[in-house]
>>> print(open('data-v6.txt').read())   # compact mmCIF, C-alpha atoms and all ligand atoms
# COMPACT_ATOMS: atom_id res chain seq x y z
CA MET A 59 -86.10 33.14 11.58
CA THR A 60 -85.39 34.98 8.42
CA ASP A 61 -85.16 38.28 10.27
CA SER A 62 -82.45 37.10 12.63
CA MET A 63 -80.28 36.07 9.69
CA LEU A 64 -81.01 39.15 7.66
CA GLU A 65 -79.96 41.28 10.60
CA LEU A 66 -76.44 39.96 10.03
CA TYR A 67 -76.43 41.12 6.40
CA VAL A 68 -75.38 44.66 7.01
CA HIS A 69 -74.83 47.48 4.56
CA ASP A 70 -72.15 49.38 6.47
CA GLY A 71 -71.24 51.81 3.69
CA LEU A 72 -67.48 51.55 4.13
CA SER A 73 -65.46 53.13 1.34
CA ASP A 74 -63.34 50.86 -0.84
CA GLU A 75 -60.25 52.58 0.59
CA GLU A 76 -61.34 51.75 4.14
CA ILE A 77 -61.98 48.12 3.19
CA ASP A 78 -58.52 47.94 1.62
CA ARG A 79 -57.03 49.49 4.74
CA GLN A 80 -58.76 46.91 6.94
CA LYS A 81 -57.58 44.09 4.69
CA ALA A 82 -54.01 45.38 4.92
CA THR A 83 -54.28 45.66 8.72
CA TYR A 84 -56.13 42.49 9.69
CA GLY A 85 -55.13 40.10 6.90
CA PRO A 86 -51.52 39.79 8.12
CA LEU A 87 -52.76 39.39 11.72
CA THR A 88 -54.89 36.43 10.63
CA LYS A 89 -51.88 34.95 8.85
CA ASP A 90 -49.76 35.28 12.01
CA VAL A 91 -52.45 33.61 14.12
CA ARG A 92 -52.72 30.80 11.57
CA GLU A 93 -48.99 30.20 11.92
CA LEU A 94 -49.37 30.26 15.69
CA ILE A 95 -52.05 27.56 15.53
CA GLN A 96 -49.63 25.35 13.66
CA LEU A 97 -46.80 26.23 16.05
CA ALA A 98 -48.97 25.26 19.04
CA LEU A 99 -49.09 21.83 17.48
CA GLN A 100 -45.51 21.55 16.33
CA THR A 101 -43.29 23.45 18.73
CA ARG A 102 -40.69 21.54 20.71
CA ALA A 103 -39.87 24.54 22.90
CA ASP A 104 -39.32 23.60 26.54
CA ALA A 105 -41.65 24.59 29.38
CA ASP A 106 -39.72 27.80 30.19
CA ASP A 107 -39.80 28.98 26.59
CA VAL A 108 -43.47 28.09 26.24
CA ALA A 109 -44.18 30.09 29.42
CA ARG A 110 -42.22 33.03 27.98
CA ALA A 111 -44.08 32.83 24.67
CA ARG A 112 -47.39 32.72 26.52
CA GLU A 113 -46.53 35.97 28.30
CA HIS A 114 -46.07 37.63 24.90
CA LEU A 115 -49.33 36.14 23.74
CA ALA A 116 -51.10 37.46 26.83
CA ALA A 117 -49.72 40.91 26.03
CA ALA A 118 -50.97 40.60 22.45
CA ARG A 119 -54.41 39.52 23.65
CA GLU A 120 -54.57 42.54 25.92
CA ILE A 121 -53.72 44.94 23.07
CA LEU A 122 -56.09 43.31 20.59
CA GLY A 123 -58.91 42.91 23.09
CA CYS A 124 -59.07 46.50 24.34
CA ASP A 125 -61.19 47.58 21.37
CA ARG A 126 -63.23 44.77 19.89
CA GLU A 127 -66.61 43.79 18.52
CA ASP A 128 -68.87 41.18 20.08
CA GLY A 129 -70.65 38.36 18.33
CA PRO A 130 -70.45 37.04 14.78
CA TYR A 131 -69.04 39.11 11.95
CA GLY A 132 -71.98 38.41 9.63
CA THR A 133 -71.89 39.63 6.04
CA ARG A 134 -71.20 43.27 5.35
CA PHE A 135 -71.64 45.29 2.18
CA ASN A 136 -70.75 48.62 0.75
CA ASP A 137 -72.11 50.72 -2.11
CA SER A 138 -69.78 49.31 -4.74
CA GLY A 139 -71.11 45.80 -4.06
CA ARG A 140 -68.06 44.47 -2.25
CA PHE A 141 -69.10 42.04 0.43
CA ARG A 142 -67.18 40.76 3.38
CA ASN A 143 -67.94 37.50 5.16
CA TRP A 144 -64.67 37.77 7.03
CA GLY A 145 -65.75 35.46 9.84
CA ASN A 146 -66.75 32.58 7.56
CA ALA A 147 -65.28 29.31 8.87
CA ALA A 148 -64.23 28.12 5.42
CA ILE A 149 -63.11 31.28 3.64
CA GLY A 150 -63.24 34.27 6.00
CA LEU A 151 -60.36 36.69 5.53
CA ARG A 152 -60.16 37.33 9.28
CA ASN A 153 -60.70 33.75 10.35
CA ALA A 154 -57.40 32.02 11.10
CA ILE A 155 -58.90 28.54 10.83
CA ALA A 156 -60.49 29.16 7.42
CA PRO A 157 -58.51 27.03 4.94
CA ILE A 158 -59.69 28.57 1.66
CA GLY A 159 -57.73 31.53 0.37
CA GLU A 160 -58.43 32.76 -3.12
CA LEU A 161 -61.54 31.62 -4.95
CA HIS A 162 -61.52 31.47 -8.76
CA GLU A 163 -64.37 31.41 -11.24
CA ASP A 164 -64.00 30.30 -14.86
CA ALA A 165 -66.09 31.57 -17.75
CA ASP A 166 -67.96 28.24 -17.85
CA GLY A 167 -69.14 28.71 -14.24
CA ARG A 168 -66.64 26.35 -12.65
CA VAL A 169 -65.59 27.63 -9.24
CA TRP A 170 -62.32 26.39 -7.78
CA ALA A 171 -59.56 26.92 -5.25
CA ASP A 172 -56.11 25.49 -4.66
CA ILE A 173 -55.56 25.04 -0.96
CA HIS A 174 -52.74 23.91 1.29
CA LEU A 175 -54.06 21.81 4.16
CA GLY A 176 -51.40 21.69 6.86
CA PRO A 177 -51.23 19.42 9.90
CA ILE A 178 -53.95 21.26 11.81
CA TYR A 179 -56.51 19.75 9.43
CA GLU A 180 -55.55 16.17 10.24
CA GLY A 181 -58.10 13.42 10.71
CA PRO A 182 -56.73 9.96 9.99
CA ALA A 183 -52.94 10.02 10.53
CA GLY A 184 -51.34 12.16 7.84
CA HIS A 185 -54.62 12.71 6.05
CA VAL A 186 -57.31 15.35 5.84
CA HIS A 187 -60.19 15.14 8.32
CA GLY A 188 -63.37 14.10 6.53
CA GLY A 189 -65.27 16.98 8.11
CA VAL A 190 -62.74 19.43 6.73
CA SER A 191 -63.29 18.06 3.21
CA ALA A 192 -67.02 18.46 3.75
CA LEU A 193 -66.42 22.04 4.95
CA LEU A 194 -64.49 22.87 1.77
CA LEU A 195 -67.14 21.27 -0.41
CA ASP A 196 -70.06 22.93 1.35
CA GLN A 197 -68.44 26.31 0.78
CA ILE A 198 -67.27 25.83 -2.80
CA LEU A 199 -70.52 24.20 -3.94
CA GLY A 200 -72.46 26.97 -2.22
CA ASP A 201 -70.34 29.58 -3.95
CA ALA A 202 -70.85 27.87 -7.32
CA ALA A 203 -74.61 28.05 -6.74
CA ARG A 204 -74.41 31.69 -5.70
CA LEU A 205 -72.10 32.80 -8.50
CA SER A 206 -74.33 31.12 -11.09
CA GLY A 207 -77.20 33.28 -9.85
CA HIS A 208 -78.84 30.70 -7.56
CA PRO A 209 -77.74 31.43 -3.98
CA GLY A 210 -79.15 29.24 -1.26
CA MET A 211 -78.63 27.52 2.05
CA THR A 212 -77.30 24.00 2.06
CA GLY A 213 -80.32 21.69 2.24
CA THR A 214 -78.47 18.45 1.61
CA LEU A 215 -74.78 17.79 1.11
CA THR A 216 -73.92 14.26 0.01
CA VAL A 217 -70.25 13.43 0.35
CA ARG A 218 -68.52 10.32 -0.96
CA TYR A 219 -64.97 9.67 0.23
CA ARG A 220 -63.44 7.70 -2.63
CA LYS A 221 -59.88 7.59 -1.41
CA ARG A 222 -57.91 9.10 1.43
CA THR A 223 -56.92 12.73 1.04
CA PRO A 224 -53.29 13.32 2.04
CA LEU A 225 -52.47 16.52 3.91
CA GLY A 226 -50.82 19.10 1.68
CA ALA A 227 -51.94 20.56 -1.63
CA VAL A 228 -55.54 19.95 -2.65
CA HIS A 229 -57.73 21.29 -5.40
CA VAL A 230 -61.43 21.88 -4.80
CA GLU A 231 -63.94 22.68 -7.50
CA ALA A 232 -67.68 22.81 -8.14
CA LYS A 233 -70.18 23.57 -10.84
CA LEU A 234 -73.92 24.11 -11.04
CA ASP A 235 -75.60 21.01 -12.46
CA ARG A 236 -79.25 22.06 -12.68
CA VAL A 237 -81.95 24.15 -11.07
CA GLU A 238 -85.41 22.97 -10.04
CA GLY A 239 -87.56 25.73 -8.62
CA ARG A 240 -85.83 27.09 -5.52
CA LYS A 241 -83.32 24.22 -5.51
CA ALA A 242 -79.89 24.43 -7.14
CA PHE A 243 -78.08 21.11 -7.62
CA VAL A 244 -74.32 21.48 -7.58
CA VAL A 245 -71.57 18.90 -8.02
CA GLY A 246 -67.93 19.10 -7.06
CA HIS A 247 -64.89 17.35 -5.71
CA VAL A 248 -61.66 17.53 -3.75
CA ALA A 249 -58.61 16.20 -5.61
CA ASP A 250 -54.96 15.66 -4.88
CA ALA A 251 -52.22 15.38 -7.53
CA GLU A 252 -53.32 11.79 -8.27
CA GLY A 253 -57.00 12.55 -8.82
CA ILE A 254 -60.37 12.79 -7.11
CA CYS A 255 -60.46 11.95 -3.40
CA VAL A 256 -63.89 13.21 -2.36
CA GLU A 257 -67.00 13.78 -4.47
CA ALA A 258 -70.05 15.76 -3.45
CA GLU A 259 -73.48 16.76 -4.57
CA GLY A 260 -75.22 19.62 -2.84
CA ILE A 261 -78.78 20.86 -2.94
CA PHE A 262 -78.84 24.57 -2.18
CA ILE A 263 -82.27 25.90 -1.41
CA ALA A 264 -83.14 29.56 -1.65
CA PRO A 265 -85.40 30.41 1.28
CA VAL A 266 -88.39 32.47 0.24
CA TRP A 267 -86.95 35.65 1.75
CA MET A 268 -83.75 35.13 -0.25
CA VAL A 269 -85.66 34.67 -3.49
CA GLU A 270 -87.30 38.02 -2.86
CA GLN A 271 -83.83 39.60 -2.76
CA ARG A 272 -82.15 37.22 -5.17
CA ASP A 273 -80.55 39.90 -7.29
CA SER A 274 -78.65 41.41 -4.41
CA PHE A 275 -77.51 37.97 -3.23
CA ALA A 276 -76.36 36.75 -6.60
CA GLU A 277 -74.86 39.91 -8.03
CA THR A 278 -72.36 40.34 -5.28
CA PRO A 279 -68.83 39.49 -6.36
CA ARG A 280 -66.81 36.75 -4.74
CA PRO A 281 -66.12 37.28 -1.08
CA GLU A 282 -62.85 38.91 -0.09
C1 LIG B 1 -78.75 41.50 0.49
C2 LIG B 1 -77.92 40.30 0.93
C3 LIG B 1 -76.81 39.86 -0.07
C4 LIG B 1 -76.10 38.57 0.46
C5 LIG B 1 -74.95 38.11 -0.41
C6 LIG B 1 -74.34 36.82 0.14
C7 LIG B 1 -75.12 35.62 -0.28
C8 LIG B 1 -74.71 34.38 0.45
C9 LIG B 1 -75.49 33.22 -0.09
C10 LIG B 1 -74.96 32.04 -0.16
C11 LIG B 1 -73.64 31.75 0.42
C12 LIG B 1 -72.92 30.71 -0.38
C13 LIG B 1 -71.87 30.01 0.41
C14 LIG B 1 -72.49 29.25 1.53
C15 LIG B 1 -71.74 28.01 1.86
C16 LIG B 1 -72.12 27.51 3.20
C17 LIG B 1 -73.55 27.14 3.27
C18 LIG B 1 -73.98 26.72 4.63
O1 LIG B 1 -73.24 26.24 5.42
S1 LIG B 1 -75.61 26.93 4.98
C19 LIG B 1 -75.75 26.25 6.63
C20 LIG B 1 -76.31 24.88 6.64
N1 LIG B 1 -77.67 24.87 6.18
C21 LIG B 1 -78.69 25.24 6.96
O2 LIG B 1 -78.55 25.62 8.10
C22 LIG B 1 -80.04 25.18 6.32
C23 LIG B 1 -81.13 24.90 7.34
N2 LIG B 1 -82.36 24.60 6.67
C24 LIG B 1 -83.18 25.60 6.25
O3 LIG B 1 -82.97 26.78 6.48
C25 LIG B 1 -84.39 25.14 5.47
O4 LIG B 1 -84.69 23.80 5.74
C26 LIG B 1 -84.17 25.31 3.93
C27 LIG B 1 -83.99 26.79 3.60
C28 LIG B 1 -82.96 24.51 3.43
C29 LIG B 1 -85.42 24.78 3.21
O5 LIG B 1 -86.52 25.35 3.85
P1 LIG B 1 -87.81 25.80 3.02
O6 LIG B 1 -88.87 26.10 4.04
O7 LIG B 1 -87.46 26.90 2.06
O8 LIG B 1 -88.11 24.47 2.21
P2 LIG B 1 -89.53 23.91 1.76
O9 LIG B 1 -90.41 25.05 1.35
O10 LIG B 1 -90.01 22.96 2.77
O11 LIG B 1 -89.07 23.06 0.47
C30 LIG B 1 -88.65 23.66 -0.75
C31 LIG B 1 -88.17 22.55 -1.64
O12 LIG B 1 -86.89 22.05 -1.13
C32 LIG B 1 -87.03 20.65 -0.76
N3 LIG B 1 -86.27 20.50 0.47
C33 LIG B 1 -86.52 21.05 1.67
N4 LIG B 1 -85.55 20.78 2.54
C34 LIG B 1 -84.65 20.04 1.86
C35 LIG B 1 -83.39 19.48 2.21
N5 LIG B 1 -82.90 19.65 3.44
N6 LIG B 1 -82.71 18.81 1.27
C36 LIG B 1 -83.20 18.66 0.03
N7 LIG B 1 -84.38 19.16 -0.38
C37 LIG B 1 -85.10 19.85 0.53
C38 LIG B 1 -88.52 20.40 -0.58
O13 LIG B 1 -88.85 19.07 -0.83
C39 LIG B 1 -89.10 21.34 -1.64
O14 LIG B 1 -88.97 20.73 -2.91
P3 LIG B 1 -90.09 20.92 -4.03
O15 LIG B 1 -90.16 22.40 -4.32
O16 LIG B 1 -91.34 20.38 -3.43
O17 LIG B 1 -89.57 20.11 -5.20
>>> encode(input="data-v6.txt", output="structure tokens", more="lines below")
Ligand SMILES: CCCCCCCC/C=C\CCCCCCCC(=O)SCCNC(=O)CCNC(=O)[C@H](O)C(C)(C)COP(=O)(O)OP(=O)(O)OC[C@H]1O[C@@H](n2cnc3c(N)ncnc32)[C@H](O)[C@@H]1OP(=O)(O)O
Amino acid sequence: MTDSMLELYVHDGLSDEEIDRQKATYGPLTKDVRELIQLALQTRADADDVARAREHLAAAREILGCDREDGPYGTRFNDSGRFRNWGNAAIGLRNAIAPIGELHEDADGRVWADIHLGPIYEGPAGHVHGGVSALLLDQILGDAARLSGHPGMTGTLTVRYRKRTPLGAVHVEAKLDRVEGRKAFVVGHVADAEGICVEAEGIFIAPVWMVEQRDSFAETPRPE
């Protein structure tokens, strides 16, 4: 169990320059794909134009697919401690559906992000899907646990939807509440301009194998 996960934590030894080069190459591609996802939803182009656009997309798929990796991206490290979880569904730099961009950490341990949730995150008409809010909270609470030195897997995530969350600008934040043994209790919320929409408490449990390597899990800087 542990081994199969650890196999996806890979020290690949890339230089900082190479990581920066990859960010500059693939970051904009992810942004383009993200815009395409929204366009697939919103375009009013007629059937001929859609067919024409799809030919271009097929050409792009052919170029991008001729040299590719298989399987999940996992988490990759280099010597200077930079880590990349670029496939992460909530925050991955190369994942076009990941809604979280930049993650911030205050001196008091509060971790937060300002996010724009466009129409592709819709649940109830005009509002954010409840599962998307839970996704944001799972990630940000997990990061608050990790950045406070208590990384763990989500054991329990309790989510309370207090009021509807309109699509658009949202603020997500979390903070470590307390630690009991291998369990880190973290609280957080999603808010719009009017106040808190969704509250959460998460229990993040460090598996035994993670405790054994806790320093390397907790010391790593925020993902990029
Ligand atoms: C060199 C590498 C460097 C790496 C750097 C990067 C670090 C990255 C780290 C962190 C990322 C932060 C961002 C993440 C954000 C996203 C997180 C997710 O989406 S995680 C996916 C969803 N979660 C799962 O799939 C978990 C599946 N469940 C499990 O794996 C296990 O059940 C686990 C680990 C949660 C617990 O298993 P046990 O075997 O360790 O637990 P037992 O020994 O039975 O219990 C320990 C204590 O926890 C309580 N407990 C057990 N399960 C619980 C639960 N589900 N909820 C609450 N409490 C639970 C028990 O009652 C016990 O408490 P008592 O010590 O007696 O007080």
>>> closest_residue(input="data-v6.txt", among="A:Asp164, A:Glu270, A:Glu65, A:Glu180", to="Thr133 of chain A", atoms="all atoms listed in the file")
A:Glu65
>>> residues_around(input="data-v6.txt", residues="segment 176-179 of chain A", least_positions_apart="6", cutoff="10 Å", atoms="only C-alpha atoms", output="PyMOL selection string")
chain A and resi 92+95-100+155+157+185-191+224-227
>>> residues_around(input="data-v6.txt", residues="Asp166 of chain A", least_positions_apart="4", cutoff="10 Å", atoms="only C-alpha atoms", output="VMD selection string")
chain A and resid 206 233 to 234
>>> axis_aligned_box(input="data-v6.txt", around="segment 214-217 of chain A", padding_each_side="6 Å", output="JSON")
{"center_x": -74.4, "center_y": 15.9, "center_z": 0.8, "size_x": 20.2, "size_y": 17.0, "size_z": 13.6}
>>> closest_residue(input="data-v6.txt", among="A:Ala251, A:Ala154, A:Ala103, A:Val68", to="ligand LIG 1 (chain B)", atoms="only C-alpha atoms and all ligand atoms")
A:Val68
>>> closest_residue(input="data-v6.txt", among="A:Cys255, A:Val228, A:Leu205, A:Leu151", to="ligand LIG 1 (chain B)", atoms="only C-alpha atoms and all ligand atoms")
A:Leu205
>>> residues_around(input="data-v6.txt", residues="Glu257 of chain A", least_positions_apart="2", cutoff="10 Å", atoms="only C-alpha atoms", output="PyMOL selection string")
chain A and resi 191-192+195+216-221+230-232+245-249+254-255+259
>>> atom_distance(input="data-v6.txt", atom1="atom CA of Leu87 of chain A", atom2="atom CA of Asp196 of chain A")
26.0 Å
>>> closest_residue(input="data-v6.txt", among="A:Gly71, A:Gly132, A:Gly159, A:Gly184", to="ligand LIG 1 (chain B)", atoms="all atoms listed in the file")
A:Gly132
>>> atom_distance(input="data-v6.txt", atom1="atom CA of Ile173 of chain A", atom2="atom CA of Thr83 of chain A")
22.8 Å
>>> closest_residue(input="data-v6.txt", among="A:Gly129, A:Pro182, A:Gly260, A:Gly239", to="Gly200 of chain A", atoms="all atoms listed in the file")
A:Gly260
>>> atom_distance(input="data-v6.txt", atom1="atom N5 of ligand LIG 1 (chain B)", atom2="atom CA of Thr214 of chain A")
4.9 Å
>>> closest_residue(input="data-v6.txt", among="A:Arg119, A:Lys89, A:Arg240, A:His229", to="ligand LIG 1 (chain B)", atoms="all atoms listed in the file")
A:Arg240
>>> residues_near_point(input="data-v6.txt", point="(-67.7, 40.1, 2.8)", cutoff="9 Å", atoms="all atoms listed in the file", output="PDB file with C-alpha atoms, in the frame of the given file")
ATOM      1  CA  GLY A 132     -71.980  38.410   9.630  1.00  0.00           C
ATOM      2  CA  THR A 133     -71.890  39.630   6.040  1.00  0.00           C
ATOM      3  CA  ARG A 134     -71.200  43.270   5.350  1.00  0.00           C
ATOM      4  CA  PHE A 135     -71.640  45.290   2.180  1.00  0.00           C
ATOM      5  CA  ARG A 140     -68.060  44.470  -2.250  1.00  0.00           C
ATOM      6  CA  PHE A 141     -69.100  42.040   0.430  1.00  0.00           C
ATOM      7  CA  ARG A 142     -67.180  40.760   3.380  1.00  0.00           C
ATOM      8  CA  ASN A 143     -67.940  37.500   5.160  1.00  0.00           C
ATOM      9  CA  TRP A 144     -64.670  37.770   7.030  1.00  0.00           C
ATOM     10  CA  GLY A 145     -65.750  35.460   9.840  1.00  0.00           C
ATOM     11  CA  ASN A 146     -66.750  32.580   7.560  1.00  0.00           C
ATOM     12  CA  GLY A 150     -63.240  34.270   6.000  1.00  0.00           C
ATOM     13  CA  LEU A 151     -60.360  36.690   5.530  1.00  0.00           C
ATOM     14  CA  ARG A 280     -66.810  36.750  -4.740  1.00  0.00           C
ATOM     15  CA  PRO A 281     -66.120  37.280  -1.080  1.00  0.00           C
ATOM     16  CA  GLU A 282     -62.850  38.910  -0.090  1.00  0.00           C
TER      17      GLU A 282
END
>>> build_atoms(input="data-v6.txt", residues="segment 74-85 of chain A", atoms="all heavy atoms", output="PDB file, in the coordinates of the input")
ATOM      1  N   ASP A  74     -64.277  51.884  -0.366  1.00  0.00           N
ATOM      2  CA  ASP A  74     -63.340  50.860  -0.840  1.00  0.00           C
ATOM      3  C   ASP A  74     -61.970  51.045  -0.188  1.00  0.00           C
ATOM      4  O   ASP A  74     -61.290  50.073   0.143  1.00  0.00           O
ATOM      5  CB  ASP A  74     -63.212  50.922  -2.367  1.00  0.00           C
ATOM      6  CG  ASP A  74     -64.469  50.414  -3.065  1.00  0.00           C
ATOM      7  OD1 ASP A  74     -65.340  49.836  -2.380  1.00  0.00           O
ATOM      8  OD2 ASP A  74     -64.569  50.606  -4.290  1.00  0.00           O
ATOM      9  N   GLU A  75     -61.572  52.296  -0.017  1.00  0.00           N
ATOM     10  CA  GLU A  75     -60.250  52.580   0.590  1.00  0.00           C
ATOM     11  C   GLU A  75     -60.203  52.045   2.019  1.00  0.00           C
ATOM     12  O   GLU A  75     -59.211  51.466   2.445  1.00  0.00           O
ATOM     13  CB  GLU A  75     -59.981  54.101   0.616  1.00  0.00           C
ATOM     14  CG  GLU A  75     -59.816  54.753  -0.746  1.00  0.00           C
ATOM     15  CD  GLU A  75     -61.131  54.846  -1.532  1.00  0.00           C
ATOM     16  OE1 GLU A  75     -62.214  54.954  -0.900  1.00  0.00           O
ATOM     17  OE2 GLU A  75     -61.076  54.772  -2.781  1.00  0.00           O
ATOM     18  N   GLU A  76     -61.306  52.221   2.759  1.00  0.00           N
ATOM     19  CA  GLU A  76     -61.340  51.750   4.140  1.00  0.00           C
ATOM     20  C   GLU A  76     -61.303  50.208   4.181  1.00  0.00           C
ATOM     21  O   GLU A  76     -60.629  49.614   5.027  1.00  0.00           O
ATOM     22  CB  GLU A  76     -62.594  52.289   4.855  1.00  0.00           C
ATOM     23  CG  GLU A  76     -62.818  51.755   6.264  1.00  0.00           C
ATOM     24  CD  GLU A  76     -61.679  52.026   7.247  1.00  0.00           C
ATOM     25  OE1 GLU A  76     -60.797  52.854   6.952  1.00  0.00           O
ATOM     26  OE2 GLU A  76     -61.669  51.370   8.307  1.00  0.00           O
ATOM     27  N   ILE A  77     -62.017  49.584   3.239  1.00  0.00           N
ATOM     28  CA  ILE A  77     -61.980  48.120   3.190  1.00  0.00           C
ATOM     29  C   ILE A  77     -60.557  47.646   2.897  1.00  0.00           C
ATOM     30  O   ILE A  77     -60.052  46.717   3.540  1.00  0.00           O
ATOM     31  CB  ILE A  77     -62.972  47.581   2.131  1.00  0.00           C
ATOM     32  CG1 ILE A  77     -64.412  47.864   2.581  1.00  0.00           C
ATOM     33  CG2 ILE A  77     -62.770  46.085   1.912  1.00  0.00           C
ATOM     34  CD1 ILE A  77     -65.469  47.524   1.545  1.00  0.00           C
ATOM     35  N   ASP A  78     -59.903  48.313   1.943  1.00  0.00           N
ATOM     36  CA  ASP A  78     -58.520  47.940   1.620  1.00  0.00           C
ATOM     37  C   ASP A  78     -57.594  48.148   2.818  1.00  0.00           C
ATOM     38  O   ASP A  78     -56.700  47.344   3.079  1.00  0.00           O
ATOM     39  CB  ASP A  78     -58.015  48.746   0.409  1.00  0.00           C
ATOM     40  CG  ASP A  78     -58.724  48.325  -0.874  1.00  0.00           C
ATOM     41  OD1 ASP A  78     -59.255  47.192  -0.914  1.00  0.00           O
ATOM     42  OD2 ASP A  78     -58.759  49.131  -1.829  1.00  0.00           O
ATOM     43  N   ARG A  79     -57.861  49.222   3.561  1.00  0.00           N
ATOM     44  CA  ARG A  79     -57.030  49.490   4.740  1.00  0.00           C
ATOM     45  C   ARG A  79     -57.230  48.384   5.782  1.00  0.00           C
ATOM     46  O   ARG A  79     -56.272  47.877   6.357  1.00  0.00           O
ATOM     47  CB  ARG A  79     -57.413  50.857   5.339  1.00  0.00           C
ATOM     48  CG  ARG A  79     -56.419  51.378   6.371  1.00  0.00           C
ATOM     49  CD  ARG A  79     -56.985  52.555   7.153  1.00  0.00           C
ATOM     50  NE  ARG A  79     -58.154  52.211   7.954  1.00  0.00           N
ATOM     51  CZ  ARG A  79     -58.122  51.516   9.092  1.00  0.00           C
ATOM     52  NH1 ARG A  79     -56.958  51.098   9.566  1.00  0.00           N
ATOM     53  NH2 ARG A  79     -59.226  51.233   9.743  1.00  0.00           N
ATOM     54  N   GLN A  80     -58.479  47.982   5.972  1.00  0.00           N
ATOM     55  CA  GLN A  80     -58.760  46.910   6.940  1.00  0.00           C
ATOM     56  C   GLN A  80     -58.125  45.591   6.497  1.00  0.00           C
ATOM     57  O   GLN A  80     -57.598  44.842   7.310  1.00  0.00           O
ATOM     58  CB  GLN A  80     -60.262  46.739   7.145  1.00  0.00           C
ATOM     59  CG  GLN A  80     -60.896  47.902   7.883  1.00  0.00           C
ATOM     60  CD  GLN A  80     -62.309  47.605   8.354  1.00  0.00           C
ATOM     61  OE1 GLN A  80     -62.794  46.492   8.255  1.00  0.00           O
ATOM     62  NE2 GLN A  80     -62.972  48.623   8.872  1.00  0.00           N
ATOM     63  N   LYS A  81     -58.211  45.332   5.191  1.00  0.00           N
ATOM     64  CA  LYS A  81     -57.580  44.090   4.690  1.00  0.00           C
ATOM     65  C   LYS A  81     -56.090  44.094   4.963  1.00  0.00           C
ATOM     66  O   LYS A  81     -55.514  43.085   5.384  1.00  0.00           O
ATOM     67  CB  LYS A  81     -57.803  43.970   3.166  1.00  0.00           C
ATOM     68  CG  LYS A  81     -59.130  43.389   2.782  1.00  0.00           C
ATOM     69  CD  LYS A  81     -59.347  43.395   1.293  1.00  0.00           C
ATOM     70  CE  LYS A  81     -58.716  42.201   0.605  1.00  0.00           C
ATOM     71  NZ  LYS A  81     -59.214  42.060  -0.782  1.00  0.00           N
ATOM     72  N   ALA A  82     -55.459  45.274   4.721  1.00  0.00           N
ATOM     73  CA  ALA A  82     -54.010  45.380   4.920  1.00  0.00           C
ATOM     74  C   ALA A  82     -53.646  45.270   6.397  1.00  0.00           C
ATOM     75  O   ALA A  82     -52.573  44.792   6.761  1.00  0.00           O
ATOM     76  CB  ALA A  82     -53.500  46.692   4.330  1.00  0.00           C
ATOM     77  N   THR A  83     -54.566  45.703   7.274  1.00  0.00           N
ATOM     78  CA  THR A  83     -54.280  45.660   8.720  1.00  0.00           C
ATOM     79  C   THR A  83     -54.534  44.277   9.304  1.00  0.00           C
ATOM     80  O   THR A  83     -53.685  43.724  10.015  1.00  0.00           O
ATOM     81  CB  THR A  83     -55.171  46.688   9.465  1.00  0.00           C
ATOM     82  OG1 THR A  83     -54.933  47.986   8.929  1.00  0.00           O
ATOM     83  CG2 THR A  83     -54.874  46.676  10.961  1.00  0.00           C
ATOM     84  N   TYR A  84     -55.716  43.719   8.995  1.00  0.00           N
ATOM     85  CA  TYR A  84     -56.130  42.490   9.690  1.00  0.00           C
ATOM     86  C   TYR A  84     -55.738  41.205   8.956  1.00  0.00           C
ATOM     87  O   TYR A  84     -55.611  40.154   9.590  1.00  0.00           O
ATOM     88  CB  TYR A  84     -57.642  42.512   9.935  1.00  0.00           C
ATOM     89  CG  TYR A  84     -58.063  43.690  10.789  1.00  0.00           C
ATOM     90  CD1 TYR A  84     -58.983  44.620  10.305  1.00  0.00           C
ATOM     91  CD2 TYR A  84     -57.523  43.885  12.055  1.00  0.00           C
ATOM     92  CE1 TYR A  84     -59.364  45.718  11.078  1.00  0.00           C
ATOM     93  CE2 TYR A  84     -57.897  44.981  12.829  1.00  0.00           C
ATOM     94  CZ  TYR A  84     -58.814  45.888  12.336  1.00  0.00           C
ATOM     95  OH  TYR A  84     -59.175  46.964  13.099  1.00  0.00           O
ATOM     96  N   GLY A  85     -55.538  41.293   7.642  1.00  0.00           N
ATOM     97  CA  GLY A  85     -55.130  40.100   6.900  1.00  0.00           C
ATOM     98  C   GLY A  85     -53.833  39.499   7.442  1.00  0.00           C
ATOM     99  O   GLY A  85     -53.765  38.297   7.746  1.00  0.00           O
TER     100      GLY A  85
END
